[in-house]
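File shown: work.csv. Contents: CSV, C-alpha atoms.
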chain,number,residue,atom,x,y,z
R,1,MET,CA,199.2,275.4,-34.4
R,2,ASN,CA,199.5,275.4,-38.2
R,3,ASP,CA,196.6,274.2,-40.4
R,4,SER,CA,198.9,271.8,-42.2
R,5,SER,CA,197.9,268.1,-41.9
R,6,TRP,CA,200.0,264.9,-41.7
R,7,GLY,CA,199.5,264.4,-45.4
R,8,ALA,CA,200.9,267.8,-46.4
R,9,PRO,CA,203.9,267.7,-48.7
R,10,PRO,CA,207.3,268.3,-47.0
R,11,GLN,CA,208.7,271.8,-47.2
R,12,ALA,CA,212.2,273.1,-46.8
R,13,GLY,CA,213.1,274.5,-43.4
R,14,TYR,CA,213.8,273.4,-39.9
R,15,TRP,CA,211.8,272.0,-37.0
R,16,GLY,CA,210.2,275.1,-35.6
R,17,PRO,CA,207.1,277.4,-35.6
R,18,SER,CA,205.3,277.6,-38.9
R,19,ASP,CA,205.4,281.4,-39.1
R,20,GLN,CA,209.2,281.5,-39.8
R,21,GLY,CA,210.6,281.1,-43.2
R,22,PRO,CA,212.7,278.4,-44.5
R,23,VAL,CA,216.4,278.1,-43.6
R,24,GLN,CA,218.9,277.6,-46.4
R,25,GLY,CA,220.7,274.2,-46.3
R,26,ALA,CA,218.4,272.6,-43.7
R,27,ALA,CA,217.1,269.1,-44.0
R,28,PRO,CA,213.6,268.7,-45.4
R,29,ALA,CA,211.0,269.4,-42.7
R,30,GLY,CA,208.6,266.9,-41.4
R,31,PRO,CA,205.2,267.5,-39.8
R,32,THR,CA,205.0,270.8,-38.0
R,33,TYR,CA,204.8,271.0,-34.2
R,34,ASP,CA,204.2,273.8,-31.7
R,35,ALA,CA,207.1,275.5,-30.2
R,36,PRO,CA,206.9,273.8,-26.8
R,37,GLU,CA,206.9,270.5,-28.5
R,38,ALA,CA,209.8,271.4,-30.7
R,39,GLN,CA,212.0,272.1,-27.8
R,40,GLN,CA,211.7,268.4,-26.7
R,41,THR,CA,212.8,266.9,-30.0
R,42,ARG,CA,216.3,266.1,-31.2
R,43,PRO,CA,217.8,265.5,-34.6
R,44,THR,CA,217.2,262.1,-36.1
R,45,PRO,CA,220.4,260.1,-36.2
R,46,ILE,CA,221.8,259.1,-39.5
R,47,VAL,CA,221.8,255.4,-40.3
R,48,PRO,CA,225.1,254.3,-41.8
R,49,ASP,CA,225.1,252.7,-45.2
R,50,GLU,CA,227.0,249.7,-44.1
R,51,PRO,CA,226.4,247.6,-40.9
R,52,ALA,CA,228.9,248.1,-38.1
R,53,TYR,CA,230.5,245.6,-35.8
R,54,GLY,CA,230.2,242.7,-38.1
R,55,GLY,CA,226.4,243.0,-38.8
R,56,HIS,CA,224.9,241.2,-41.7
R,57,GLN,CA,224.0,243.3,-44.8
R,58,ASP,CA,220.7,241.5,-45.2
R,59,ASP,CA,219.7,242.0,-41.5
R,60,ASP,CA,217.5,245.0,-41.5
R,61,GLN,CA,216.8,244.9,-37.8
R,62,GLY,CA,220.5,244.5,-37.0
R,63,ALA,CA,221.3,247.6,-39.1
R,64,ALA,CA,218.7,249.6,-37.2
R,65,ARG,CA,220.2,248.5,-33.9
R,66,LEU,CA,223.7,249.3,-35.0
R,67,SER,CA,222.7,253.0,-35.7
R,68,GLY,CA,222.8,253.9,-32.0
R,69,PRO,CA,220.2,254.6,-29.2
R,70,LEU,CA,217.0,256.1,-30.3
R,71,PHE,CA,216.2,257.7,-26.9
R,72,ARG,CA,218.1,259.6,-24.5
R,73,ASP,CA,217.6,257.2,-21.6
R,74,GLU,CA,219.3,254.3,-23.4
R,75,THR,CA,222.8,253.4,-22.2
R,76,GLN,CA,225.5,253.3,-24.8
R,77,GLN,CA,227.2,249.9,-24.8
R,78,PRO,CA,230.8,249.4,-25.8
R,79,PRO,CA,231.5,247.5,-29.0
R,80,TYR,CA,232.9,244.5,-27.0
R,81,ASP,CA,234.1,243.6,-23.6
R,82,VAL,CA,237.6,242.8,-22.4
R,83,GLY,CA,238.5,239.3,-23.2
R,84,GLN,CA,235.9,239.0,-26.0
R,85,SER,CA,236.6,238.9,-29.7
R,86,PRO,CA,236.3,242.3,-31.4
R,87,SER,CA,233.7,240.8,-33.7
R,88,TYR,CA,231.4,240.2,-30.7
R,89,ASP,CA,228.7,242.8,-30.1
R,90,PRO,CA,225.9,242.3,-27.6
R,91,ARG,CA,223.6,244.4,-29.8
R,92,THR,CA,223.9,242.0,-32.7
R,93,GLN,CA,223.5,238.8,-30.6
R,94,HIS,CA,220.1,238.1,-32.3
R,95,SER,CA,221.3,238.6,-35.8
R,96,ASP,CA,221.7,235.7,-38.2
R,97,THR,CA,225.5,236.0,-38.1
R,98,PRO,CA,227.2,233.6,-35.7
R,99,GLN,CA,229.0,235.5,-33.0
R,100,ALA,CA,232.4,234.6,-31.5
R,101,GLN,CA,232.5,233.4,-28.0
R,102,PRO,CA,235.2,234.1,-25.4
R,103,TYR,CA,238.0,231.6,-25.1
R,104,GLY,CA,236.9,228.7,-22.9
R,105,ALA,CA,233.3,229.9,-22.6
R,106,VAL,CA,230.5,227.4,-22.8
R,107,PRO,CA,227.7,228.5,-25.1
R,108,GLN,CA,224.4,229.0,-23.3
R,109,ASN,CA,222.2,227.9,-26.2
R,110,PRO,CA,224.3,225.8,-28.5
R,111,GLU,CA,223.0,225.1,-31.9
R,112,PRO,CA,222.0,221.4,-32.4
R,113,MET,CA,224.6,219.5,-34.3
R,114,PRO,CA,223.4,218.1,-37.7
R,115,ASP,CA,222.4,214.5,-37.6
R,116,VAL,CA,225.4,212.6,-38.8
R,117,PRO,CA,224.8,208.9,-39.5
R,118,PRO,CA,227.0,206.6,-37.5
R,119,PRO,CA,229.8,204.9,-39.4
R,120,ALA,CA,228.8,201.5,-40.8
R,121,PRO,CA,230.3,198.6,-38.7
R,122,ALA,CA,233.1,196.8,-40.4
R,123,PRO,CA,232.0,193.4,-41.8
R,124,GLN,CA,233.0,190.6,-39.5
R,125,LYS,CA,234.2,187.3,-40.7
R,126,LYS,CA,232.1,184.4,-39.8
R,127,SER,CA,233.6,182.0,-37.2
R,128,ALA,CA,233.0,178.3,-36.9
R,129,GLY,CA,232.8,178.7,-33.1
R,130,ARG,CA,235.1,175.8,-32.5
R,131,ASN,CA,238.7,174.7,-33.2
R,132,LEU,CA,238.0,173.4,-36.7
R,133,GLY,CA,241.4,171.7,-37.0
R,134,ALA,CA,241.1,169.8,-33.8
R,135,ALA,CA,237.5,168.8,-34.7
R,136,ILE,CA,238.6,167.4,-38.1
R,137,GLY,CA,241.5,165.5,-36.5
R,138,VAL,CA,239.3,163.9,-33.8
R,139,GLY,CA,236.7,163.1,-36.3
R,140,VAL,CA,239.1,161.4,-38.6
R,141,GLY,CA,240.6,159.4,-35.7
R,142,LEU,CA,237.2,158.2,-34.5
R,143,GLY,CA,236.2,157.3,-38.1
R,144,ALA,CA,239.3,155.2,-38.4
R,145,VAL,CA,238.6,153.3,-35.2
R,146,ILE,CA,235.0,152.7,-36.2
R,147,ILE,CA,235.8,151.5,-39.7
R,148,ALA,CA,238.6,149.2,-38.5
R,149,SER,CA,236.4,147.6,-35.8
R,150,LEU,CA,233.4,147.4,-38.0
R,151,PHE,CA,234.9,145.5,-40.9
R,152,VAL,CA,237.5,143.4,-39.0
R,153,VAL,CA,235.6,141.9,-36.0
R,154,LYS,CA,232.0,142.8,-35.4
R,155,ALA,CA,232.2,142.0,-31.7
R,156,VAL,CA,234.9,144.7,-31.3
R,157,PHE,CA,232.5,147.2,-32.8
R,158,VAL,CA,229.9,146.2,-30.3
R,159,GLY,CA,232.4,146.9,-27.6
R,160,VAL,CA,233.0,150.4,-29.1
R,161,ILE,CA,229.3,151.0,-28.8
R,162,ALA,CA,229.2,149.9,-25.2
R,163,VAL,CA,232.1,152.1,-24.3
R,164,ALA,CA,230.5,155.1,-25.9
R,165,VAL,CA,227.3,154.4,-24.0
R,166,VAL,CA,229.0,154.2,-20.6
R,167,VAL,CA,230.9,157.5,-21.2
R,168,GLY,CA,227.8,159.2,-22.5
R,169,LEU,CA,225.8,158.1,-19.4
R,170,TRP,CA,228.6,159.4,-17.1
R,171,GLU,CA,228.6,162.8,-18.9
R,172,LEU,CA,224.8,163.1,-18.7
R,173,THR,CA,224.4,162.1,-15.1
R,174,SER,CA,227.3,164.3,-14.0
R,175,ARG,CA,225.8,167.4,-15.7
R,176,LEU,CA,222.4,166.6,-14.1
R,177,GLN,CA,223.9,166.5,-10.6
R,178,GLU,CA,226.1,169.6,-11.1
R,179,ARG,CA,223.5,171.8,-12.6
R,180,LYS,CA,220.2,170.5,-11.1
R,181,GLY,CA,221.2,168.5,-8.1
R,182,ILE,CA,219.6,165.3,-9.7
R,183,LYS,CA,221.3,162.1,-8.5
R,184,ALA,CA,220.5,159.5,-11.2
R,185,PRO,CA,222.1,156.1,-10.1
R,186,LEU,CA,225.1,155.8,-12.3
R,187,VAL,CA,226.2,152.2,-11.4
R,188,PRO,CA,222.9,150.4,-12.5
R,189,LEU,CA,222.8,152.7,-15.5
R,190,THR,CA,226.3,151.9,-16.8
R,191,VAL,CA,226.0,148.1,-16.1
R,192,GLY,CA,222.5,147.9,-17.5
R,193,GLY,CA,223.4,150.1,-20.6
R,194,ALA,CA,226.3,147.9,-21.6
R,195,ALA,CA,224.2,144.8,-21.1
R,196,MET,CA,221.5,146.3,-23.2
R,197,VAL,CA,223.8,146.8,-26.2
R,198,VAL,CA,225.2,143.2,-25.9
R,199,ALA,CA,221.7,141.7,-25.5
R,200,GLY,CA,220.5,143.5,-28.6
R,201,TYR,CA,223.4,142.1,-30.7
R,202,VAL,CA,223.0,138.6,-29.3
R,203,ARG,CA,219.3,138.2,-28.7
R,204,GLY,CA,217.8,140.8,-31.1
R,205,PRO,CA,215.0,143.2,-30.2
R,206,GLU,CA,213.6,141.0,-27.5
R,207,GLY,CA,216.9,140.9,-25.7
R,208,ALA,CA,217.1,144.7,-25.9
R,209,TRP,CA,213.6,145.2,-24.4
R,210,VAL,CA,214.3,142.8,-21.5
R,211,ALA,CA,217.6,144.5,-20.7
R,212,MET,CA,215.9,147.9,-20.7
R,213,ALA,CA,213.2,146.7,-18.3
R,214,LEU,CA,215.8,145.2,-15.9
R,215,THR,CA,217.9,148.4,-16.0
R,216,ALA,CA,214.9,150.5,-15.1
R,217,LEU,CA,214.1,148.1,-12.2
R,218,ALA,CA,217.7,148.3,-11.0
R,219,VAL,CA,217.5,152.1,-11.0
R,220,LEU,CA,214.4,152.0,-8.8
R,221,VAL,CA,216.0,149.6,-6.3
R,222,TRP,CA,219.4,151.2,-6.2
R,223,ARG,CA,218.0,154.6,-5.3
R,224,MET,CA,216.2,153.1,-2.3
R,225,THR,CA,219.5,152.9,-0.4
R,226,GLU,CA,219.4,156.7,0.0
R,227,PRO,CA,217.0,159.0,1.8
R,228,PRO,CA,213.6,159.4,0.2
R,229,GLU,CA,213.9,163.1,-0.5
R,230,GLY,CA,214.1,163.5,-4.2
R,231,TYR,CA,213.5,159.9,-4.9
R,232,LEU,CA,210.9,160.4,-7.7
R,233,ARG,CA,213.0,163.0,-9.3
R,234,ASP,CA,216.2,160.9,-9.3
R,235,VAL,CA,214.6,157.6,-10.6
R,236,THR,CA,212.7,159.5,-13.3
R,237,ALA,CA,216.0,161.0,-14.5
R,238,GLY,CA,217.6,157.5,-14.3
R,239,VAL,CA,214.9,155.8,-16.5
R,240,PHE,CA,215.1,158.7,-19.0
R,241,ALA,CA,218.9,158.3,-19.2
R,242,ALA,CA,218.6,154.5,-19.7
R,243,PHE,CA,216.2,155.0,-22.6
R,244,TYR,CA,217.9,158.0,-24.1
R,245,VAL,CA,221.4,156.6,-24.4
R,246,PRO,CA,221.8,152.8,-24.2
R,247,PHE,CA,218.4,151.8,-25.5
R,248,LEU,CA,218.6,154.0,-28.6
R,249,ALA,CA,222.2,152.9,-29.2
R,250,THR,CA,221.1,149.3,-29.2
R,251,PHE,CA,219.5,149.7,-32.6
R,252,VAL,CA,223.0,150.1,-34.1
R,253,ALA,CA,223.8,146.7,-32.7
R,254,LEU,CA,220.6,145.4,-34.2
R,255,MET,CA,221.6,146.7,-37.7
R,256,LEU,CA,224.9,144.9,-37.3
R,257,THR,CA,223.3,141.4,-36.9
R,258,ALA,CA,222.2,141.3,-40.6
R,259,ASP,CA,224.4,139.7,-43.3
R,260,ASP,CA,225.3,143.1,-44.7
R,261,GLY,CA,225.2,144.6,-41.2
R,262,ALA,CA,228.5,146.4,-41.5
R,263,TRP,CA,227.4,148.2,-44.7
R,264,ARG,CA,224.1,149.1,-43.0
R,265,VAL,CA,225.9,150.6,-40.1
R,266,LEU,CA,228.3,152.4,-42.4
R,267,THR,CA,225.3,153.8,-44.3
R,268,PHE,CA,223.7,155.0,-41.1
R,269,LEU,CA,226.9,156.7,-40.0
R,270,LEU,CA,227.6,158.3,-43.4
R,271,LEU,CA,224.1,159.7,-43.8
R,272,THR,CA,224.1,161.2,-40.3
R,273,VAL,CA,227.5,162.8,-40.8
R,274,VAL,CA,226.6,164.1,-44.3
R,275,SER,CA,223.4,165.5,-42.9
R,276,ASP,CA,225.2,167.4,-40.2
R,277,THR,CA,227.9,168.6,-42.6
R,278,GLY,CA,225.3,169.8,-45.1
R,279,ALA,CA,223.4,171.7,-42.4
R,280,TYR,CA,226.6,173.3,-41.2
R,281,ALA,CA,228.0,174.2,-44.6
R,282,VAL,CA,224.8,175.7,-46.1
R,283,GLY,CA,223.7,177.3,-42.9
R,284,TRP,CA,227.1,178.9,-42.3
R,285,ARG,CA,227.2,180.3,-45.8
R,286,PHE,CA,223.6,181.2,-46.6
R,287,GLY,CA,221.7,180.9,-43.3
R,288,THR,CA,219.6,183.9,-42.4
R,289,HIS,CA,216.2,182.6,-41.2
R,290,LYS,CA,216.3,181.0,-37.8
R,291,LEU,CA,214.9,177.5,-37.4
R,292,ALA,CA,214.3,177.3,-33.7
R,293,PRO,CA,215.8,180.5,-32.1
R,294,ARG,CA,214.6,179.7,-28.6
R,295,ILE,CA,216.3,176.3,-28.6
R,296,SER,CA,219.3,176.6,-30.9
R,297,PRO,CA,219.9,180.1,-32.3
R,298,GLY,CA,222.7,178.8,-34.7
R,299,LYS,CA,220.4,176.6,-36.7
R,300,THR,CA,218.7,178.0,-39.8
R,301,ARG,CA,216.1,176.9,-42.3
R,302,GLU,CA,218.7,177.1,-45.0
R,303,GLY,CA,220.8,174.7,-43.0
R,304,LEU,CA,217.9,172.3,-42.8
R,305,PHE,CA,217.5,172.5,-46.5
R,306,GLY,CA,221.2,171.7,-46.9
R,307,ALA,CA,220.9,168.7,-44.5
R,308,VAL,CA,218.0,167.3,-46.5
R,309,SER,CA,219.7,167.8,-49.9
R,310,PHE,CA,223.0,166.3,-48.9
R,311,ALA,CA,221.4,163.4,-47.0
R,312,MET,CA,219.1,162.5,-49.9
R,313,VAL,CA,221.9,162.4,-52.4
R,314,ALA,CA,224.1,160.4,-50.1
R,315,GLY,CA,221.2,158.1,-49.3
R,316,ALA,CA,220.5,157.4,-53.0
R,317,LEU,CA,224.1,156.5,-53.6
R,318,CYS,CA,224.5,154.3,-50.5
R,319,MET,CA,221.3,152.3,-51.1
R,320,GLN,CA,222.2,151.8,-54.7
R,321,PHE,CA,225.8,150.7,-54.3
R,322,LEU,CA,226.3,149.6,-50.7
R,323,ILE,CA,223.1,147.8,-49.6
R,324,ASP,CA,222.1,144.4,-51.1
R,325,ASP,CA,218.8,144.7,-53.0
R,326,GLY,CA,218.6,148.4,-52.3
R,327,SER,CA,217.3,151.0,-54.7
R,328,TRP,CA,218.1,154.7,-55.2
R,329,TRP,CA,214.6,155.9,-54.5
R,330,GLN,CA,214.7,154.1,-51.2
R,331,GLY,CA,217.8,156.0,-50.5
R,332,LEU,CA,216.0,159.3,-51.2
R,333,VAL,CA,213.4,158.4,-48.6
R,334,LEU,CA,216.1,157.2,-46.2
R,335,GLY,CA,218.1,160.4,-46.6
R,336,LEU,CA,215.0,162.6,-45.9
R,337,ALA,CA,214.2,160.6,-42.8
R,338,VAL,CA,217.8,160.8,-41.5
R,339,ALA,CA,217.9,164.6,-42.0
R,340,ALA,CA,214.7,165.0,-40.0
R,341,SER,CA,215.7,162.7,-37.2
R,342,ALA,CA,219.2,164.0,-36.9
R,343,THR,CA,217.9,167.6,-36.7
R,344,LEU,CA,215.4,166.7,-34.1
R,345,GLY,CA,218.0,164.8,-32.1
R,346,ASP,CA,220.3,167.8,-32.2
R,347,LEU,CA,217.5,170.1,-31.1
R,348,GLY,CA,216.6,167.7,-28.4
R,349,GLU,CA,220.0,167.7,-26.8
R,350,SER,CA,220.2,171.5,-27.3
R,351,MET,CA,217.0,171.7,-25.3
R,352,ILE,CA,218.6,169.7,-22.5
R,353,LYS,CA,221.8,171.7,-22.5
R,354,ARG,CA,219.9,175.0,-22.5
R,355,ASP,CA,217.9,173.8,-19.5
R,356,LEU,CA,221.1,172.9,-17.7
R,357,GLY,CA,222.8,176.2,-18.7
R,358,ILE,CA,225.8,174.6,-20.4
R,359,LYS,CA,227.3,174.6,-23.9
R,360,ASP,CA,228.7,171.1,-24.1
R,361,MET,CA,228.1,167.9,-22.2
R,362,GLY,CA,231.8,167.3,-21.7
R,363,THR,CA,235.4,168.2,-22.9
R,364,LEU,CA,236.7,164.7,-23.7
R,365,LEU,CA,236.8,165.3,-27.5
R,366,PRO,CA,238.7,168.5,-28.5
R,367,GLY,CA,236.8,170.6,-31.0
R,368,HIS,CA,233.6,168.5,-30.4
R,369,GLY,CA,232.9,168.7,-26.7
R,370,GLY,CA,231.9,165.4,-25.1
R,371,ILE,CA,230.8,162.0,-26.3
R,372,MET,CA,227.1,163.0,-25.9
R,373,ASP,CA,227.7,166.0,-28.1
R,374,ARG,CA,228.6,163.6,-30.9
R,375,LEU,CA,225.8,161.1,-30.1
R,376,ASP,CA,223.0,163.7,-30.1
R,377,SER,CA,222.1,163.2,-33.7
R,378,LEU,CA,223.1,159.6,-33.9
R,379,LEU,CA,221.0,158.2,-31.1
R,380,PRO,CA,217.5,159.1,-32.4
R,381,THR,CA,218.5,158.3,-36.0
R,382,ALA,CA,219.5,154.7,-35.2
R,383,PRO,CA,216.0,153.3,-34.8
R,384,VAL,CA,214.7,155.2,-37.8
R,385,VAL,CA,217.4,153.7,-40.1
R,386,TRP,CA,217.0,150.2,-38.6
R,387,LEU,CA,213.2,150.3,-39.2
R,388,LEU,CA,213.5,151.6,-42.8
R,389,MET,CA,216.2,149.1,-43.6
R,390,VAL,CA,213.9,146.3,-42.4
R,391,LEU,CA,211.0,147.6,-44.5
R,392,PHE,CA,213.1,148.0,-47.6
R,393,VAL,CA,215.5,145.1,-47.7
R,394,GLY,CA,214.5,142.9,-44.7
R,395,SER,CA,216.3,142.1,-41.5
R,396,ALA,CA,218.4,139.1,-42.6
Any chance you could give the structure as structure tokens?
Amino acid sequence: MNDSSWGAPPQAGYWGPSDQGPVQGAAPAGPTYDAPEAQQTRPTPIVPDEPAYGGHQDDDQGAARLSGPLFRDETQQPPYDVGQSPSYDPRTQHSDTPQAQPYGAVPQNPEPMPDVPPPAPAPQKKSAGRNLGAAIGVGVGLGAVIIASLFVVKAVFVGVIAVAVVVGLWELTSRLQERKGIKAPLVPLTVGGAAMVVAGYVRGPEGAWVAMALTALAVLVWRMTEPPEGYLRDVTAGVFAAFYVPFLATFVALMLTADDGAWRVLTFLLLTVVSDTGAYAVGWRFGTHKLAPRISPGKTREGLFGAVSFAMVAGALCMQFLIDDGSWWQGLVLGLAVAASATLGDLGESMIKRDLGIKDMGTLLPGHGGIMDRLDSLLPTAPVVWLLMVLFVGSA
């Protein structure tokens, strides 16, 4: 073999023995080989200047693959198969250029779609959740009946209280039996409840307590006429119903016994309604922080602030202009107490309804539900207002 090394400069000539001279027009020679080795070589293929079959100009590896097979045992592939796009080339399938797929073919390794944020939901208008027109109409009608009976004949208003108590007891005991199977004796409850309201108006607090005790005793005796299974459960529910509805309602009759009793009752009703209205208005417009989500998801802290603010302003006005010997600062205290008791009463009945799995206690009042759904905030507020009125201006 020739003495030339791999680092020798290239000379003109062809691939052959070193003892032959150069050939005119031949390509520059590379490293020299012996004759037997030279017979096994072939000309180096020329790489085209531009990539073929849609190759990318910046893809060096793709350009090398497009130049053709480098060894004799490689199989030449056609540019594209039948049914494929002419721009498709299996030899360029790893290049950076996206390749066309046959019509209807499912890509084996689809590229992940870019993360596109979902469209923002359209803002939804807040709903009152009830028939607001019917609720306002029923409220105005009830208010007219109450005002007329309150300032014309007090005894008629006592009858209105008794009717509301009887209907409320019927709604409560019916829901207890339907949802929990609790059979609270309805007859002694309704008779004793109406007697409790009348006794409170006629005989004062002592008459109310006596009527309450007799009603509880009547519930215990009445339930003995049935089998003993569930006796304790039924009488417990009966005593609870007697305290919750008629006994608390009796404090409205107690307020009515004063000389300015009609104005005291009107103040009690106005403050409770204003508290509920303020809580609804402010909570519906600005409410974001839940007050008691496990009990009543619709109530918010902003609504409670609205109830307190509205009730305190209304209380100051009522005590100053409606109640004899009343003062505005007493009205502020009264309004704060009413907002707290009305909210707790509403949450208390919401707790009962959630335990029973119902939304309303009844359907008697369109837009409101049942009578108990209107008495929920009034019942616990009545003894609070009666007590503060006695402390501020006396019971006469």
In Å and to one decimal, CA of Asp373 (chain R) is distant from CA of Thr272 (chain R) by 13.6 Å
(request) Take CA of Ser174 (chain R) and CA of Met361 (chain R) and report the distance between them in Å, one decimal. (result)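 Result for CA of Ser174 (chain R) versus CA of Met361 (chain R): 9.0 Å, one decimal.
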List as a list of chain:residue names the protein and nucleic acid residues near Phe268 (chain R), meaning an atom at most 10 Å away when all atoms listed in the file are counted, but skip any in the same chain fewer than 4 places from it. R:Val252, R:Met255, R:Ala262, R:Trp263, R:Arg264, R:Thr272, R:Val273, R:Gly315, R:Cys318, R:Leu334, R:Gly335, R:Val338, R:Leu378, R:Thr381, R:Ala382, R:Val384, R:Val385, R:Trp386, R:Met389
Worksheet entry | All residues 9 Å or closer to region 149-166 of chain R, all atoms listed in the file, same chain fewer than 6 positions away omitted, as a list in words | Leu189, Thr190, Val191, Gly193, Ala194, Ala195, Met196, Val197, Val198, Tyr201, Val245, Pro246, Ala249, Thr250, Val252, Ala253, Leu256, Thr257, Ala262, Trp263, Val265, Leu266, Ile371, Met372 and Leu375 of chain R
Measuring between only C-alpha atoms, which one of R:Ala184, R:Ser395, R:Pro297, R:Arg203 shows the shortest distance to Met224 (chain R)?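 Nearest to Met224 (chain R): R:Ala184.
Take the candidates R:Ala216, R:Val167, R:Val187, R:Ile147 and check each one against Thr267 (chain R) using all atoms listed in the file; the shortest distance goes to R:Ile147.
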Practice problem: Quote the spacing between CA of Leu356 (chain R) and CA of Arg175 (chain R) in Å to one decimal place. | Solution: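 Value for the CA of Leu356 (chain R)-CA of Arg175 (chain R) distance: 7.5 Å.
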Self-check item: Proximity to Val138 (chain R) - best of R:Val308, R:Leu269, R:Ile352, R:Leu365, all atoms listed in the file
Solution: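 When distances to Val138 (chain R) are compared using all atoms listed in the file, the smallest one comes from R:Leu365.
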Residues of region 144-190 of chain R within 8 Å of region 231-242 of chain R: nearest atom pair and distance (Å, one decimal) for each, counting all atoms listed in the file, sorted by chain and number, as JSON lines?
{"residue": "R:Leu169", "atom": "CA", "partner": "R:Ala241", "partner_atom": "CA", "distance": 6.9}
{"residue": "R:Leu172", "atom": "CA", "partner": "R:Ala241", "partner_atom": "CA", "distance": 7.6}
{"residue": "R:Thr173", "atom": "CA", "partner": "R:Ala241", "partner_atom": "CA", "distance": 7.8}
{"residue": "R:Ile182", "atom": "CA", "partner": "R:Asp234", "partner_atom": "CA", "distance": 5.6}
{"residue": "R:Lys183", "atom": "CA", "partner": "R:Asp234", "partner_atom": "CA", "distance": 5.3}
{"residue": "R:Ala184", "atom": "CA", "partner": "R:Gly238", "partner_atom": "CA", "distance": 4.7}
{"residue": "R:Pro185", "atom": "CA", "partner": "R:Gly238", "partner_atom": "CA", "distance": 6.3}
{"residue": "R:Leu186", "atom": "CA", "partner": "R:Gly238", "partner_atom": "CA", "distance": 7.9}
{"residue": "R:Leu189", "atom": "CA", "partner": "R:Ala242", "partner_atom": "CA", "distance": 6.2}
In terms of all atoms listed in the file, the residue from R:Ile323, R:Met312, R:Ala199, R:Met212 at minimal distance from Val393 (chain R) is R:Ile323
What's the 7 Å shell around Asp376 (chain R), counting only C-alpha atoms, without same-chain residues fewer than 4 positions away, as a tab-separated table (two decimals) with C-alpha atoms, keeping the file's coordinate frame?
chain	number	residue	atom	x	y	z
R	345	GLY	CA	218.00	164.80	-32.10
R	346	ASP	CA	220.30	167.80	-32.20
R	349	GLU	CA	220.00	167.70	-26.80
R	372	MET	CA	227.10	163.00	-25.90
| Using only C-alpha atoms, which residues sit within 10 Å of Ser309 (chain R) once same-chain residues fewer than 4 positions away are excluded, as a ChimeraX atom specification? | /R:274-275,278-279,303-305,313-315,332,335-336,339
Open item on the list: With distances taken over all atoms listed in the file, which residue among R:Gly357, R:Pro227, R:Gly192, R:Pro366 lies nearest Phe243 (chain R)?
Closed with: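 Among R:Gly357, R:Pro227, R:Gly192, R:Pro366, it is R:Gly192 that comes nearest to Phe243 (chain R).
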With distances taken over all atoms listed in the file, which of R:Arg301, R:Lys180, R:Lys353, R:Arg374 is nearest to Phe286 (chain R)?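 The shortest atom-to-atom distance to Phe286 (chain R) comes from R:Arg301.
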